[in-house]
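Contents: one structure, followed by commentary.
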There are 2 protein chains.
Amino acid sequence: MLDDRKAAILRAVVQEYIETAQPVGSGRIADADGVDVSSATVRNEMATLETEGYLVQPHTSAGRIPTEKGYRHFVDTIGAPGALSGDHARQVSSFFRAAHGEIEGMLEATSRLLSGITDWTGVVVPPPSTETPLRSMHLVQLAPQHVLAVSVYGDGSIDKHTIDLEAEVTDEQVAAASAHLAAQMVGSIRGSEPSAVPTSGDAPTDAITSSVLATLDATNEPAAPTDVFVGGASRMASAFDAVETVQAVLHVLEQQLVVVTLLRDVVDRGLQVAIGSETGMDTLANAALVVAPYTVDGERAGSIGVLGPARMDYREAMAAVAAVSNRLETRLIEG
Amino acid sequence: MLDDRKAAILRAVVQEYIETAQPVGSGRIADADGVDVSSATVRNEMATLETEGYLVQPHTSAGRIPTEKGYRHFVDTIGAPGALSGDHARQVSSFFRAAHGEIEGMLEATSRLLSGITDWTGVVVPPPSTETPLRSMHLVQLAPQHVLAVSVYGDGSIDKHTIDLEAEVTDEQVAAASAHLAAQMVGSIRGSEPSAVPTSGDAPTDAITSSVLATLDATNEPAAPTDVFVGGASRMASAFDAVETVQAVLHVLEQQLVVVTLLRDVVDRGLQVAIGSETGMDTLANAALVVAPYTVDGERAGSIGVLGPARMDYREAMAAVAAVSNRLETRLIEG
DNA sequence: TTTGGCACTCGGTAACATCGAGTGCCAACT
DNA sequence: AGTTGGCACTCGATGTTACCGAGTGCCAAA
């Protein structure tokens with residue numbers, strides 16, 4: 001690996017580049033803290049670091065820029081996640097103190113919180129809602145030939161489906177069908193095929209029931225919709241200088257499924273940070289993703305993350321993600 | 001106003017500028033269709049159009065660019081909304097043929113449809129859910145001290161609230177409170193203060209009931225959350241050349257309430273198109289918004305729109321917005 | 001092994017010339 | 001009186017050249 005001095009120089013280069021977004025020359029490093037050698041020595045070391053793939057020169061006679069490998073080393077040697085700045089810590093605290101009500105709304109606000117703290121884009125993936133049992137099912141009549149089927153699951157999530165009936169029905173018939181369906185289906189696991197409902201023997205009830213089941217079957221996606229909350233996507237506009245890059249990254253953020261998969265993959269690989277190609281997406285070559293899973297009741301629930309340019313402030317982003325994920329866990333456990 | 005020839009020239013300039021995004025010179029116009037005079041004459045007319053505020057020159061010795069007033073005239077004289085191209089018409093048809101299920105999901109997909117057709121950003125504001133009566137209310141127990149209150153309204157919308165109880169409760173108590181609440185509250189209008197629920201006389205029931213009402217009161221925003229569906233925001237990246245503009249516009253799109261207000265204001269002013277400052281937002285100085293309201297059961301429901309640069313293809317955007325709003329109406333009436 | 005010194009590289013900036021699309025205006029023409 | 005060809009003029013865009021200086025690699029001395 002790298003000896004101490006090389007490591008120190010590399011770290012100084014990355015730090016400087018993160019701050020200035022300009023190629024870093026040997027002079028600047030020689031002046032910097034932690035490095036007590038002349039610029040000539042730094043030059044020699046930087047040349048080595050370049051041949052070893054930690055740095056690159058945009059062109060001869062320019063300073064150096066970290067490569068993915070360079071960032072990776074930097075991140076790996078950050079050590080302790082570091083604490084949030086006082087201001088930001090207070091921001092997080094007051095946010096969670098004020099948080100209330102609906103979980104979706106809170107998660108969306110959380111994505112904005114992450115964005116606000118880090119200046120980049122915040123992403124929050126809610127806990128998956130599979131494997132959770134149906135706790136309640138009700139039919140509500142909206143119009144003579146329309147009912148709404150409301151399914152409430154154990155994790156507090158809700159599905160609703162509008163059902164067009166073949167014929168007009170009465171309140172009583174809907175109530176009967178509702179009770180029948182509830183009796184048969186409560187307890188079944190979300191996503192399991194719900195077709196095995198015995199008939200009740202009552203014709204109108206069964207007519208409604210079968211319409212409902214048909215709709216449920218039709219819209220029963222293999223996986224739940226898994227929506228993602230993306231906050232502060234507009235900040236990506238200042239992350240890259242090429243407009244096409246901005247557009248490409250925004251496009252990625254618009255695809256919910258892609259984002260969910262991305263976060264999960266990164267977490268599954270045990271990473272806290274995915275830099276450039278480590279994300280597995282060409283589009284994110286110059287970007288980096290800082291993630292943290294959060295658990296509820298000991299189980300891996302969802303994950304949160306911050307997406308920014310590769311030259312983002314990893315220390316801050318990691319601290320923010322850790323703090324928020326932490327508070328989110330306790331918040332969700334309390335309910 | 002403008003005589004025929006001036007109008008024709010203005011229209012040709014706008015058309016050309018929309019296509020090329022380059023200042024348009026007199027030569028190009030003289031060659032163009034509908035104008036059978038020499039470039040010298042066109043020059044004279046263009047000079048007049050400039051003094052009258054329809055065109056500007058970015059600098060002497062350059063072609064002309066439409067002003068807001070120029071675009072406005074262009075839009076006002078477009079005449080018939082025009083039909084969608086065959087391809088796009090087919091796209092719309094097949095979209096609505098395949099549309100099914102949840103209204104929210106459909107509206108979100110609609111915003112993407114608009115974006116796909118016009119190449120800009122699609123916006124869909126759902127029908128407001130005020131004034132609609134509560135059709136059903138149920139409490140569902142999720143944990144010993146947690147219940148979920150599910151309110152279903154006449155328009156098919158649902159509110160849910162997690163309630164933390166003071167003490168553990170049994171299924172029967174929840175059921176009793178649920179029935180009591182439902183009996184008292186069904187029929188009340190969304191947003192009206194729900195406090196006037198008489199006690200039932202049964203202590204545990206009343207304990208649950210009051211907790212629920214407290215939560216409902218606390219989270220009862222004056223207006224419903226009114227979320228907006230924005231599709232294809234990434235396309236704004238190619239709409240402007242200044243990154244800051246892109247960022248500013250994206251920022252606007254992130255603020256749901258602002259977008260809702262924006263659309264409503266434009267529609268209320270009876271406009272189909274708001275260009276630059278007509279939007280009322282400084283940020284959108286170089287942008288334009290094409291909107292259409294849609295009605296359900298004869299009542300103004302929500303609105304849809306396309307946001308793009310001022311030099312967008314108005315004909316196409318207006319056709320798209322009209323067609324989609326149209327299909328959306330019939331789709332929503334059918335249920 | 002470190003470091004001061006030095007020749008060298010090359011992107012960035014400025015100064016300057018050139019080109020040409022486009023203009024305004026005017027005199028000639030319908 | 002309106003239209004048009006002609007023409008001098010403007011000025012952004014493009015290209016050329018020169019120069020500066022931050023930064024490099026390398027070498028010889030410490």
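Ligands are numbered from 1 in the order shown, residues from 1 within each chain, and chains are lettered A, B, ... in the order they appear in the structure tokens.
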
Skip stretch 20-28 of chain C itself and residues of its chain fewer than 5 positions away, then list as a PDB file with C-alpha atoms, in the first residue's frame all residues within 7 Å of it, counting only C-alpha atoms (C1' of nucleotides).
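Now in out_30.pdb:
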ATOM      1  CA  GLY B  25     -31.980  37.354 -40.345  1.00  0.00           C
ATOM      2  CA  THR B  60     -26.380  45.132 -33.984  1.00  0.00           C
ATOM      3  CA  SER B  61     -25.587  43.132 -37.048  1.00  0.00           C
ATOM      4  CA  ALA B  62     -27.322  40.053 -35.813  1.00  0.00           C
ATOM      5  CA  GLY B  63     -30.679  38.600 -36.675  1.00  0.00           C
TER       6      GLY B  63
END

>> Taking only stretch 128-275 of chain B into account, list the residues labelled strand (DSSP E) by DSSP (computed from the backbone), as a PyMOL selection string.
In response: chain B and resi 134-143+146-153+158-164+229-231+273-275

>> I'd like to know which residues of stretch 41-285 of chain B are helix (DSSP H, G or I) (by DSSP, run on the backbone); could you write them as a ChimeraX atom specification?
In response: /B:41-51,68-76,86-98,103-118,171-185,203-219,233-238,243-254,256-268,276-279,282-284

With only C-alpha atoms (C1' of nucleotides) counted and 7 Å as the cut-off, give the residues of chain C in contact with chain A, each with its shortest interatomic distance in Å and the pair that gives it, as a tab-separated table.
residue	atom	partner	partner_atom	distance
C:DT2	C1'	A:Thr41	CA	6.9
C:DT3	C1'	A:Ala40	CA	6.6
C:DT9	C1'	A:Ser61	CA	5.7
C:DC10	C1'	A:Ser61	CA	6.3

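With atom CA of A:Ile208 on one side and atom CA of B:His100 on the other, the separation reads 18.5 Å.
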
>> Could you tell me which residues of chain A sit within 6 Å of chain B when counting only C-alpha atoms, and give me the result as number ranges by chain?
In response: A: 102, 142, 154, 161, 234, 237, 247, 250-251

>> Taking only C-alpha atoms (C1' of nucleotides) into account, find every residue of chain D that has an atom no more than 9 Å from chain A, and write it out as a ChimeraX atom specification.
In response: /D:22-25

>> If we count only C-alpha atoms (C1' of nucleotides) and set the cut-off at 12 Å, which residues sit around B:Phe229, ignoring sequence neighbours fewer than 3 positions away in its own chain? Please answer as a PyMOL selection string.
In response: (chain A and resi 254) or (chain B and resi 103-115+121-127+226+232-233+253-257+259-260+302-306)

> With only C-alpha atoms as the atoms that count, which of B:Ser85, B:Ala177, B:Gly280, B:Ala182 lies nearest to B:Ser200?
Replying inline: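 Distance minimum relative to B:Ser200 lands on B:Ala177.
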
>> Using Å and a single decimal, report how far atom CA of B:Gln184 sits from atom CA of B:Val197.
In response: 6.3 Å

>> So that I can check the surroundings of D:DC19, please list as a list in words every protein, DNA and RNA residue that reaches within 12 Å of it, counting only C-alpha atoms (C1' of nucleotides) and ignoring chain neighbours fewer than 4 positions away.
In response: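 Residues meeting the cut-off are DG12, DT13, DA14 and DA15 of chain C.
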